[in-house]
Amino acid sequence: MTEATPLARYAVIGNPVAHSRSPQIHAMFSEQTGKPLRYERLLAPVDGFADAVAAFVAGGGVGLNVTVPFKRDAYALAADHLSARARLAGAVNTLSWRDGAWHGCNTDGVGLVSDLIRLGLRLAGANVLLVGAGGAARGVMQPLAQAGCARIHIVNRTASKALELADAWRETGVSPETVVTAGGLADAALPQGWNLVINATASGLQDAAPDLPRGLYAPGAAAYDMMYGAKPTAFMKQAEADGAALTADGLGMLVGQAAESFLIWHGVRPDPAPVLAALREALAAGH
Ligand code: ATR
């Protein structure tokens, strides 16, 4: 009699991590694609990322999704094997153990762009207002620029951080045809309005919207909040009141980044649509 091969082991690592929906998402992808796997939650002490990851590998772990506050630690851990996406994002959310080393990628931005496409938005030639200048904003610059946006204007409560992000971005030399500018929240207006406004701030954590001027939206424009919840976020409500034709939260981005991680690990890109529908239903039911 032969012993069953142990399932390949994956996990999401964070602190806190109990709220993470990644195990559900990857279980649904596994069922959909027929790729068997084991996917857990890994709570690591804030100063204990490297030790927790080492113990995970020793226990047969081969892949990690990385969430708050460890995306920079993951970047450092995989410093010798970073994808271009990870380098440009300055953070890693997907670690793969291959040939005795961790390889780092960042799928957040691709997850966002795939969700924007799902929503029917046209990014080629679009004028995009990106609100926020932290890791979340930096992580989506490359996929947005490479999707052909004509302009990305970064605004932030602390204007200097937006200016720094724009400068750092221009220095990369990536997609120079996309004009990247920056300012404070009060500098968010564009005479003809924006085609897309993305909230990459943490304001939603306080159930608040960033303090933006009104009149931001061009006819038919969309608003996208990287945060999500059971109900429309404060930013989505603000956008609707300001004339946005379409508002969306970041649940689709979450599923999209997971689908890209799944592709990296298993070589198959799952269909995010049924998983997104199931999660939306669970959220609405309070699960
Ligand atoms: P993340 O990695 O999620 O981007 P971060 O690096 O801490 O987290 O960045 C948080 C972002 O949300 C910043 O752009 C922050 O603005 P400041 O740089 O001025 O701090 C922004 N932010 C947080 N709370 C906000 C609020 N209530 N209104 C507007 N912006 C807010």
# chains A, B, ... in the order shown; residues from 1 in each chain; ligands from 1

call {"tool": "residues_near_ligand", "arguments": {"ligand": "ligand 1", "cutoff": "8 Å", "atoms": "only C-alpha atoms and all ligand atoms", "output": "list in words"}}
result
Val68, Val131, Gly132, Ala133, Gly134, Gly135, Ala136, Ala137, Arg138, Asn156, Arg157, Thr158, Ala159, Lys161, Ala162, Ala200, Thr201, Ala202, Ser203, Gly204, Leu205, Gln206, Ala208, Ala209, Pro210 and Asp211 of chain A

call {"tool": "residues_around", "arguments": {"residues": "A:Gly111", "least_positions_apart": "2", "cutoff": "9 Å", "atoms": "only C-alpha atoms", "output": "PyMOL selection string"}}
result
chain A and resi 107-109+113-116+252-260

call {"tool": "write_last_selection", "arguments": {"atoms": "N, CA, C and O atoms", "output": "compact mmCIF listing (two decimals), in the first residue's frame"}}
result
# COMPACT_ATOMS: atom_id res chain seq x y z
N THR A 107 0.75 40.84 -6.89
CA THR A 107 -0.40 40.66 -7.79
C THR A 107 -1.54 41.65 -7.48
O THR A 107 -2.59 41.58 -8.11
N ASP A 108 -1.32 42.55 -6.53
CA ASP A 108 -2.41 43.48 -6.15
C ASP A 108 -2.85 44.36 -7.33
O ASP A 108 -4.04 44.52 -7.59
N GLY A 109 -1.86 44.94 -8.01
CA GLY A 109 -2.19 45.86 -9.10
C GLY A 109 -2.85 45.16 -10.27
O GLY A 109 -3.81 45.67 -10.87
N VAL A 113 -6.55 45.90 -11.90
CA VAL A 113 -6.80 46.15 -13.33
C VAL A 113 -7.77 45.09 -13.90
O VAL A 113 -8.68 45.42 -14.66
N SER A 114 -7.61 43.84 -13.49
CA SER A 114 -8.53 42.81 -14.01
C SER A 114 -9.95 43.09 -13.53
O SER A 114 -10.91 42.87 -14.26
N ASP A 115 -10.09 43.65 -12.33
CA ASP A 115 -11.45 43.96 -11.85
C ASP A 115 -12.03 45.17 -12.58
O ASP A 115 -13.22 45.22 -12.88
N LEU A 116 -11.18 46.13 -12.89
CA LEU A 116 -11.64 47.31 -13.64
C LEU A 116 -12.12 46.88 -15.03
O LEU A 116 -13.15 47.36 -15.52
N GLY A 252 -13.67 42.69 -5.70
CA GLY A 252 -13.22 42.09 -6.97
C GLY A 252 -11.70 42.14 -7.12
O GLY A 252 -11.10 41.26 -7.72
N MET A 253 -11.10 43.19 -6.55
CA MET A 253 -9.63 43.30 -6.59
C MET A 253 -9.02 42.19 -5.72
O MET A 253 -8.01 41.58 -6.09
N LEU A 254 -9.65 41.96 -4.57
CA LEU A 254 -9.17 40.90 -3.68
C LEU A 254 -9.18 39.55 -4.38
O LEU A 254 -8.20 38.80 -4.34
N VAL A 255 -10.30 39.25 -5.05
CA VAL A 255 -10.40 37.97 -5.76
C VAL A 255 -9.44 37.95 -6.94
O VAL A 255 -8.80 36.93 -7.23
N GLY A 256 -9.30 39.10 -7.61
CA GLY A 256 -8.41 39.19 -8.77
C GLY A 256 -6.96 38.95 -8.40
O GLY A 256 -6.23 38.22 -9.10
N GLN A 257 -6.50 39.54 -7.26
CA GLN A 257 -5.10 39.31 -6.87
C GLN A 257 -4.90 37.86 -6.47
O GLN A 257 -3.84 37.27 -6.73
N ALA A 258 -5.93 37.26 -5.86
CA ALA A 258 -5.83 35.84 -5.47
C ALA A 258 -5.74 34.95 -6.72
O ALA A 258 -4.98 33.98 -6.74
N ALA A 259 -6.50 35.30 -7.76
CA ALA A 259 -6.48 34.51 -8.99
C ALA A 259 -5.08 34.55 -9.62
O ALA A 259 -4.58 33.54 -10.13
N GLU A 260 -4.43 35.72 -9.56
CA GLU A 260 -3.08 35.85 -10.11
C GLU A 260 -2.07 35.05 -9.28
O GLU A 260 -1.14 34.46 -9.82

call {"tool": "atom_distance", "arguments": {"atom1": "atom CA of A:His103", "atom2": "atom CA of A:Pro6"}}
result
22.5 Å

call {"tool": "closest_residue", "arguments": {"among": "A:Tyr75, A:Tyr228, A:Phe29, A:Trp194", "to": "A:His266", "atoms": "only C-alpha atoms"}}
result
A:Phe29

call {"tool": "residues_around", "arguments": {"residues": "A:Ala189", "least_positions_apart": "5", "cutoff": "8 Å", "atoms": "only C-alpha atoms", "output": "CSV table (one decimal) with N, CA and C atoms, in the first residue's frame"}}
result
chain,number,residue,atom,x,y,z
A,213,PRO,N,-12.5,67.6,-3.1
A,213,PRO,CA,-13.4,68.6,-3.7
A,213,PRO,C,-14.5,68.0,-4.5
A,214,ARG,N,-15.6,68.7,-4.8
A,214,ARG,CA,-16.7,68.1,-5.6
A,214,ARG,C,-16.4,68.4,-7.1
A,215,GLY,N,-17.2,67.8,-7.9
A,215,GLY,CA,-17.1,68.0,-9.4
A,215,GLY,C,-16.0,67.2,-10.0
A,216,LEU,N,-15.6,66.1,-9.4
A,216,LEU,CA,-14.5,65.3,-9.9
A,216,LEU,C,-14.8,64.4,-11.1

call {"tool": "residues_around", "arguments": {"residues": "A:Gln24", "least_positions_apart": "5", "cutoff": "12 Å", "atoms": "only C-alpha atoms", "output": "number ranges by chain"}}
result
A: 11-12, 19, 29-31, 38-41, 254-255, 258, 275-276, 278-279, 282, 287

call {"tool": "write_last_selection", "arguments": {"atoms": "N, CA and C atoms", "output": "PDB file, in the first residue's frame"}}
result
ATOM      1  N   ALA A  11      -0.527  29.303   2.568  1.00  0.00           N
ATOM      2  CA  ALA A  11      -1.146  30.040   3.670  1.00  0.00           C
ATOM      3  C   ALA A  11      -1.152  31.528   3.365  1.00  0.00           C
ATOM      4  N   VAL A  12      -1.999  32.239   4.096  1.00  0.00           N
ATOM      5  CA  VAL A  12      -1.922  33.696   4.104  1.00  0.00           C
ATOM      6  C   VAL A  12      -1.300  34.067   5.442  1.00  0.00           C
ATOM      7  N   HIS A  19      -9.408  37.644   9.921  1.00  0.00           N
ATOM      8  CA  HIS A  19     -10.472  38.141   9.039  1.00  0.00           C
ATOM      9  C   HIS A  19     -10.237  37.761   7.582  1.00  0.00           C
ATOM     10  N   PHE A  29     -11.108  28.202  -5.652  1.00  0.00           N
ATOM     11  CA  PHE A  29     -10.297  28.071  -6.870  1.00  0.00           C
ATOM     12  C   PHE A  29      -9.834  26.614  -7.043  1.00  0.00           C
ATOM     13  N   SER A  30      -9.452  25.990  -5.930  1.00  0.00           N
ATOM     14  CA  SER A  30      -8.967  24.615  -5.957  1.00  0.00           C
ATOM     15  C   SER A  30     -10.057  23.689  -6.478  1.00  0.00           C
ATOM     16  N   GLU A  31     -11.263  23.894  -5.984  1.00  0.00           N
ATOM     17  CA  GLU A  31     -12.399  23.077  -6.413  1.00  0.00           C
ATOM     18  C   GLU A  31     -12.687  23.297  -7.908  1.00  0.00           C
ATOM     19  N   ARG A  38      -3.746  22.617   0.348  1.00  0.00           N
ATOM     20  CA  ARG A  38      -4.134  22.921   1.718  1.00  0.00           C
ATOM     21  C   ARG A  38      -3.781  24.384   1.917  1.00  0.00           C
ATOM     22  N   TYR A  39      -4.702  25.191   2.419  1.00  0.00           N
ATOM     23  CA  TYR A  39      -4.460  26.633   2.541  1.00  0.00           C
ATOM     24  C   TYR A  39      -4.912  27.093   3.927  1.00  0.00           C
ATOM     25  N   GLU A  40      -3.966  27.653   4.690  1.00  0.00           N
ATOM     26  CA  GLU A  40      -4.267  28.016   6.081  1.00  0.00           C
ATOM     27  C   GLU A  40      -4.083  29.503   6.334  1.00  0.00           C
ATOM     28  N   ARG A  41      -4.434  29.913   7.545  1.00  0.00           N
ATOM     29  CA  ARG A  41      -4.102  31.264   8.020  1.00  0.00           C
ATOM     30  C   ARG A  41      -2.904  31.151   8.951  1.00  0.00           C
ATOM     31  N   LEU A 254      -9.654  41.956  -4.573  1.00  0.00           N
ATOM     32  CA  LEU A 254      -9.171  40.901  -3.677  1.00  0.00           C
ATOM     33  C   LEU A 254      -9.183  39.549  -4.385  1.00  0.00           C
ATOM     34  N   VAL A 255     -10.297  39.247  -5.052  1.00  0.00           N
ATOM     35  CA  VAL A 255     -10.400  37.967  -5.755  1.00  0.00           C
ATOM     36  C   VAL A 255      -9.441  37.951  -6.945  1.00  0.00           C
ATOM     37  N   ALA A 258      -5.929  37.257  -5.863  1.00  0.00           N
ATOM     38  CA  ALA A 258      -5.825  35.837  -5.474  1.00  0.00           C
ATOM     39  C   ALA A 258      -5.736  34.950  -6.718  1.00  0.00           C
ATOM     40  N   VAL A 275     -16.489  33.011  -7.786  1.00  0.00           N
ATOM     41  CA  VAL A 275     -15.937  33.181  -6.438  1.00  0.00           C
ATOM     42  C   VAL A 275     -16.340  34.549  -5.887  1.00  0.00           C
ATOM     43  N   LEU A 276     -16.271  35.553  -6.745  1.00  0.00           N
ATOM     44  CA  LEU A 276     -16.682  36.896  -6.341  1.00  0.00           C
ATOM     45  C   LEU A 276     -18.171  36.895  -5.961  1.00  0.00           C
ATOM     46  N   ALA A 278     -19.944  34.398  -4.844  1.00  0.00           N
ATOM     47  CA  ALA A 278     -20.136  33.675  -3.576  1.00  0.00           C
ATOM     48  C   ALA A 278     -19.707  34.537  -2.388  1.00  0.00           C
ATOM     49  N   LEU A 279     -18.597  35.254  -2.551  1.00  0.00           N
ATOM     50  CA  LEU A 279     -18.115  36.109  -1.451  1.00  0.00           C
ATOM     51  C   LEU A 279     -19.080  37.263  -1.205  1.00  0.00           C
ATOM     52  N   ALA A 282     -21.898  36.000   0.764  1.00  0.00           N
ATOM     53  CA  ALA A 282     -21.515  35.753   2.164  1.00  0.00           C
ATOM     54  C   ALA A 282     -21.414  37.071   2.934  1.00  0.00           C
ATOM     55  N   HIS A 287     -21.524  37.030   6.862  1.00  0.00           N
ATOM     56  CA  HIS A 287     -20.504  36.007   7.183  1.00  0.00           C
ATOM     57  C   HIS A 287     -19.104  36.523   6.895  1.00  0.00           C
TER      58      HIS A 287
END

call {"tool": "select_by_dssp", "arguments": {"residues": "stretch 65-174 of chain A", "states": "strand (DSSP E)", "output": "PyMOL selection string"}}
result
chain A and resi 65-66+94-98+101-105+127-131+151-156

call {"tool": "write_last_selection", "arguments": {"atoms": "N, CA and C atoms", "output": "PDB file, in the first residue's frame"}}
result
ATOM      1  N   ASN A  65       0.556  33.923   0.688  1.00  0.00           N
ATOM      2  CA  ASN A  65       0.039  35.260   0.410  1.00  0.00           C
ATOM      3  C   ASN A  65       0.396  36.096   1.620  1.00  0.00           C
ATOM      4  N   VAL A  66       0.831  37.315   1.372  1.00  0.00           N
ATOM      5  CA  VAL A  66       1.322  38.161   2.448  1.00  0.00           C
ATOM      6  C   VAL A  66       0.414  39.382   2.574  1.00  0.00           C
ATOM      7  N   THR A  94       2.921  37.863  -2.798  1.00  0.00           N
ATOM      8  CA  THR A  94       2.891  36.444  -3.170  1.00  0.00           C
ATOM      9  C   THR A  94       4.302  35.885  -3.109  1.00  0.00           C
ATOM     10  N   LEU A  95       4.506  34.895  -2.246  1.00  0.00           N
ATOM     11  CA  LEU A  95       5.813  34.245  -2.133  1.00  0.00           C
ATOM     12  C   LEU A  95       5.699  32.804  -2.609  1.00  0.00           C
ATOM     13  N   SER A  96       6.679  32.390  -3.409  1.00  0.00           N
ATOM     14  CA  SER A  96       6.698  31.004  -3.905  1.00  0.00           C
ATOM     15  C   SER A  96       8.052  30.395  -3.545  1.00  0.00           C
ATOM     16  N   TRP A  97       8.026  29.236  -2.935  1.00  0.00           N
ATOM     17  CA  TRP A  97       9.267  28.544  -2.555  1.00  0.00           C
ATOM     18  C   TRP A  97       9.701  27.648  -3.721  1.00  0.00           C
ATOM     19  N   ARG A  98      10.801  28.040  -4.385  1.00  0.00           N
ATOM     20  CA  ARG A  98      11.279  27.267  -5.538  1.00  0.00           C
ATOM     21  C   ARG A  98      12.787  27.141  -5.464  1.00  0.00           C
ATOM     22  N   ALA A 101      14.608  28.663  -2.453  1.00  0.00           N
ATOM     23  CA  ALA A 101      14.593  30.107  -2.171  1.00  0.00           C
ATOM     24  C   ALA A 101      13.178  30.666  -2.366  1.00  0.00           C
ATOM     25  N   TRP A 102      12.918  31.769  -1.681  1.00  0.00           N
ATOM     26  CA  TRP A 102      11.636  32.442  -1.863  1.00  0.00           C
ATOM     27  C   TRP A 102      11.695  33.382  -3.060  1.00  0.00           C
ATOM     28  N   HIS A 103      10.680  33.285  -3.900  1.00  0.00           N
ATOM     29  CA  HIS A 103      10.520  34.184  -5.039  1.00  0.00           C
ATOM     30  C   HIS A 103       9.321  35.076  -4.744  1.00  0.00           C
ATOM     31  N   GLY A 104       9.489  36.393  -4.980  1.00  0.00           N
ATOM     32  CA  GLY A 104       8.425  37.328  -4.610  1.00  0.00           C
ATOM     33  C   GLY A 104       7.777  37.994  -5.805  1.00  0.00           C
ATOM     34  N   CYS A 105       6.457  38.119  -5.752  1.00  0.00           N
ATOM     35  CA  CYS A 105       5.735  38.845  -6.795  1.00  0.00           C
ATOM     36  C   CYS A 105       4.678  39.721  -6.109  1.00  0.00           C
ATOM     37  N   ASN A 127      -8.171  59.320 -18.033  1.00  0.00           N
ATOM     38  CA  ASN A 127      -7.602  60.209 -17.022  1.00  0.00           C
ATOM     39  C   ASN A 127      -8.000  59.667 -15.657  1.00  0.00           C
ATOM     40  N   VAL A 128      -6.993  59.300 -14.875  1.00  0.00           N
ATOM     41  CA  VAL A 128      -7.254  58.605 -13.609  1.00  0.00           C
ATOM     42  C   VAL A 128      -6.754  59.434 -12.431  1.00  0.00           C
ATOM     43  N   LEU A 129      -7.618  59.591 -11.436  1.00  0.00           N
ATOM     44  CA  LEU A 129      -7.216  60.238 -10.189  1.00  0.00           C
ATOM     45  C   LEU A 129      -6.973  59.137  -9.163  1.00  0.00           C
ATOM     46  N   LEU A 130      -5.757  59.081  -8.640  1.00  0.00           N
ATOM     47  CA  LEU A 130      -5.405  58.065  -7.644  1.00  0.00           C
ATOM     48  C   LEU A 130      -5.275  58.775  -6.299  1.00  0.00           C
ATOM     49  N   VAL A 131      -6.147  58.431  -5.367  1.00  0.00           N
ATOM     50  CA  VAL A 131      -6.172  59.104  -4.069  1.00  0.00           C
ATOM     51  C   VAL A 131      -5.431  58.237  -3.060  1.00  0.00           C
ATOM     52  N   ARG A 151      -3.261  59.677 -18.214  1.00  0.00           N
ATOM     53  CA  ARG A 151      -2.725  60.455 -17.105  1.00  0.00           C
ATOM     54  C   ARG A 151      -3.110  59.804 -15.778  1.00  0.00           C
ATOM     55  N   ILE A 152      -2.182  59.819 -14.839  1.00  0.00           N
ATOM     56  CA  ILE A 152      -2.489  59.420 -13.466  1.00  0.00           C
ATOM     57  C   ILE A 152      -2.087  60.590 -12.577  1.00  0.00           C
ATOM     58  N   HIS A 153      -3.064  61.139 -11.877  1.00  0.00           N
ATOM     59  CA  HIS A 153      -2.801  62.252 -10.960  1.00  0.00           C
ATOM     60  C   HIS A 153      -2.936  61.700  -9.540  1.00  0.00           C
ATOM     61  N   ILE A 154      -1.829  61.728  -8.808  1.00  0.00           N
ATOM     62  CA  ILE A 154      -1.835  61.171  -7.453  1.00  0.00           C
ATOM     63  C   ILE A 154      -2.088  62.306  -6.466  1.00  0.00           C
ATOM     64  N   VAL A 155      -3.111  62.192  -5.636  1.00  0.00           N
ATOM     65  CA  VAL A 155      -3.316  63.203  -4.599  1.00  0.00           C
ATOM     66  C   VAL A 155      -3.339  62.529  -3.234  1.00  0.00           C
ATOM     67  N   ASN A 156      -2.849  63.255  -2.250  1.00  0.00           N
ATOM     68  CA  ASN A 156      -2.775  62.661  -0.914  1.00  0.00           C
ATOM     69  C   ASN A 156      -2.977  63.740   0.139  1.00  0.00           C
TER      70      ASN A 156
END

call {"tool": "select_by_dssp", "arguments": {"residues": "stretch 97-217 of chain A", "states": "alpha helix (DSSP H)", "output": "JSON, numbers by chain"}}
result
{"A": [108, 109, 110, 111, 112, 113, 114, 115, 116, 117, 118, 135, 136, 137, 138, 139, 140, 141, 142, 143, 144, 145, 146, 159, 160, 161, 162, 163, 164, 165, 166, 167, 168, 169, 170, 171, 172]}

call {"tool": "closest_residue", "arguments": {"among": "A:Phe262, A:Ala50, A:Glu281, A:Tyr224", "to": "A:Pro23", "atoms": "only C-alpha atoms"}}
result
A:Phe262

call {"tool": "closest_residue", "arguments": {"among": "A:Thr172, A:Thr5, A:Pro274, A:Ile264", "to": "A:Ser83", "atoms": "only C-alpha atoms"}}
result
A:Ile264

call {"tool": "atom_distance", "arguments": {"atom1": "atom CA of A:Gly229", "atom2": "atom CA of A:Arg280"}}
result
9.1 Å

call {"tool": "residues_around", "arguments": {"residues": "A:Lys35", "least_positions_apart": "5", "cutoff": "12 Å", "atoms": "only C-alpha atoms", "output": "PyMOL selection string"}}
result
chain A and resi 7-8+26-30+262-263+265-270

call {"tool": "atom_distance", "arguments": {"atom1": "atom CA of A:Lys71", "atom2": "atom CA of A:Phe56"}}
result
16.8 Å

call {"tool": "closest_residue", "arguments": {"among": "A:Val46, A:Ala126, A:Ala168, A:Ala186", "to": "A:Ala89", "atoms": "only C-alpha atoms"}}
result
A:Ala168

call {"tool": "residues_around", "arguments": {"residues": "stretch 141-147 of chain A", "least_positions_apart": "5", "cutoff": "7 Å", "atoms": "only C-alpha atoms", "output": "list in words"}}
result
Leu88, Gly109, Val110, Val113, Leu123, Ala124, Ser175 and Thr178 of chain A

call {"tool": "closest_residue", "arguments": {"among": "A:Val197, A:Ile25, A:Leu190, A:Ala58", "to": "A:Ala222", "atoms": "only C-alpha atoms"}}
result
A:Val197

call {"tool": "closest_residue", "arguments": {"among": "A:Tyr217, A:Phe235, A:Phe49, A:Phe70", "to": "A:Asn195", "atoms": "only C-alpha atoms"}}
result
A:Tyr217

call {"tool": "decode", "arguments": {"residues": "stretch 54-77 of chain A", "atoms": "N, CA and C atoms", "output": "PDB file, in the first residue's frame"}}
result
ATOM      1  N   ALA A  54      10.146  30.660   8.109  1.00  0.00           N
ATOM      2  CA  ALA A  54      11.100  29.546   8.164  1.00  0.00           C
ATOM      3  C   ALA A  54      10.416  28.289   8.710  1.00  0.00           C
ATOM      4  N   ALA A  55       9.584  28.462   9.739  1.00  0.00           N
ATOM      5  CA  ALA A  55       8.875  27.317  10.314  1.00  0.00           C
ATOM      6  C   ALA A  55       7.877  26.742   9.308  1.00  0.00           C
ATOM      7  N   PHE A  56       7.290  27.619   8.531  1.00  0.00           N
ATOM      8  CA  PHE A  56       6.318  27.191   7.513  1.00  0.00           C
ATOM      9  C   PHE A  56       7.005  26.324   6.447  1.00  0.00           C
ATOM     10  N   VAL A  57       8.168  26.756   5.997  1.00  0.00           N
ATOM     11  CA  VAL A  57       8.914  25.970   5.003  1.00  0.00           C
ATOM     12  C   VAL A  57       9.322  24.622   5.596  1.00  0.00           C
ATOM     13  N   ALA A  58       9.791  24.656   6.829  1.00  0.00           N
ATOM     14  CA  ALA A  58      10.214  23.414   7.479  1.00  0.00           C
ATOM     15  C   ALA A  58       9.044  22.436   7.557  1.00  0.00           C
ATOM     16  N   GLY A  59       7.833  22.968   7.632  1.00  0.00           N
ATOM     17  CA  GLY A  59       6.642  22.122   7.702  1.00  0.00           C
ATOM     18  C   GLY A  59       6.071  21.789   6.327  1.00  0.00           C
ATOM     19  N   GLY A  60       6.826  22.071   5.276  1.00  0.00           N
ATOM     20  CA  GLY A  60       6.376  21.688   3.928  1.00  0.00           C
ATOM     21  C   GLY A  60       5.661  22.778   3.163  1.00  0.00           C
ATOM     22  N   GLY A  61       5.669  24.018   3.692  1.00  0.00           N
ATOM     23  CA  GLY A  61       4.987  25.122   3.000  1.00  0.00           C
ATOM     24  C   GLY A  61       5.684  25.514   1.718  1.00  0.00           C
ATOM     25  N   VAL A  62       4.908  25.813   0.680  1.00  0.00           N
ATOM     26  CA  VAL A  62       5.508  26.183  -0.610  1.00  0.00           C
ATOM     27  C   VAL A  62       5.010  27.518  -1.164  1.00  0.00           C
ATOM     28  N   GLY A  63       3.970  28.086  -0.556  1.00  0.00           N
ATOM     29  CA  GLY A  63       3.472  29.349  -1.090  1.00  0.00           C
ATOM     30  C   GLY A  63       2.770  30.165  -0.025  1.00  0.00           C
ATOM     31  N   LEU A  64       2.999  31.485  -0.049  1.00  0.00           N
ATOM     32  CA  LEU A  64       2.363  32.366   0.944  1.00  0.00           C
ATOM     33  C   LEU A  64       1.764  33.591   0.273  1.00  0.00           C
ATOM     34  N   ASN A  65       0.556  33.923   0.688  1.00  0.00           N
ATOM     35  CA  ASN A  65       0.039  35.260   0.410  1.00  0.00           C
ATOM     36  C   ASN A  65       0.396  36.096   1.620  1.00  0.00           C
ATOM     37  N   VAL A  66       0.831  37.315   1.372  1.00  0.00           N
ATOM     38  CA  VAL A  66       1.322  38.161   2.448  1.00  0.00           C
ATOM     39  C   VAL A  66       0.414  39.382   2.574  1.00  0.00           C
ATOM     40  N   THR A  67      -0.050  39.618   3.788  1.00  0.00           N
ATOM     41  CA  THR A  67      -0.903  40.781   4.001  1.00  0.00           C
ATOM     42  C   THR A  67      -0.315  41.659   5.106  1.00  0.00           C
ATOM     43  N   VAL A  68      -1.069  42.681   5.485  1.00  0.00           N
ATOM     44  CA  VAL A  68      -0.615  43.679   6.465  1.00  0.00           C
ATOM     45  C   VAL A  68      -0.119  43.007   7.735  1.00  0.00           C
ATOM     46  N   PRO A  69       1.014  43.365   8.299  1.00  0.00           N
ATOM     47  CA  PRO A  69       1.911  44.462   7.918  1.00  0.00           C
ATOM     48  C   PRO A  69       3.208  43.958   7.274  1.00  0.00           C
ATOM     49  N   PHE A  70       3.146  42.823   6.558  1.00  0.00           N
ATOM     50  CA  PHE A  70       4.396  42.131   6.207  1.00  0.00           C
ATOM     51  C   PHE A  70       4.841  42.247   4.745  1.00  0.00           C
ATOM     52  N   LYS A  71       4.164  43.084   3.939  1.00  0.00           N
ATOM     53  CA  LYS A  71       4.511  43.081   2.506  1.00  0.00           C
ATOM     54  C   LYS A  71       5.933  43.584   2.247  1.00  0.00           C
ATOM     55  N   ARG A  72       6.412  44.486   3.108  1.00  0.00           N
ATOM     56  CA  ARG A  72       7.801  44.960   2.968  1.00  0.00           C
ATOM     57  C   ARG A  72       8.778  43.888   3.457  1.00  0.00           C
ATOM     58  N   ASP A  73       8.415  43.191   4.534  1.00  0.00           N
ATOM     59  CA  ASP A  73       9.280  42.104   5.038  1.00  0.00           C
ATOM     60  C   ASP A  73       9.416  41.020   3.979  1.00  0.00           C
ATOM     61  N   ALA A  74       8.312  40.740   3.296  1.00  0.00           N
ATOM     62  CA  ALA A  74       8.329  39.706   2.251  1.00  0.00           C
ATOM     63  C   ALA A  74       9.224  40.159   1.096  1.00  0.00           C
ATOM     64  N   TYR A  75       9.201  41.450   0.828  1.00  0.00           N
ATOM     65  CA  TYR A  75      10.046  42.026  -0.228  1.00  0.00           C
ATOM     66  C   TYR A  75      11.520  41.800   0.138  1.00  0.00           C
ATOM     67  N   ALA A  76      11.853  42.059   1.387  1.00  0.00           N
ATOM     68  CA  ALA A  76      13.239  41.878   1.839  1.00  0.00           C
ATOM     69  C   ALA A  76      13.634  40.406   1.791  1.00  0.00           C
ATOM     70  N   LEU A  77      12.710  39.543   2.189  1.00  0.00           N
ATOM     71  CA  LEU A  77      12.994  38.105   2.225  1.00  0.00           C
ATOM     72  C   LEU A  77      13.292  37.557   0.828  1.00  0.00           C
TER      73      LEU A  77
END
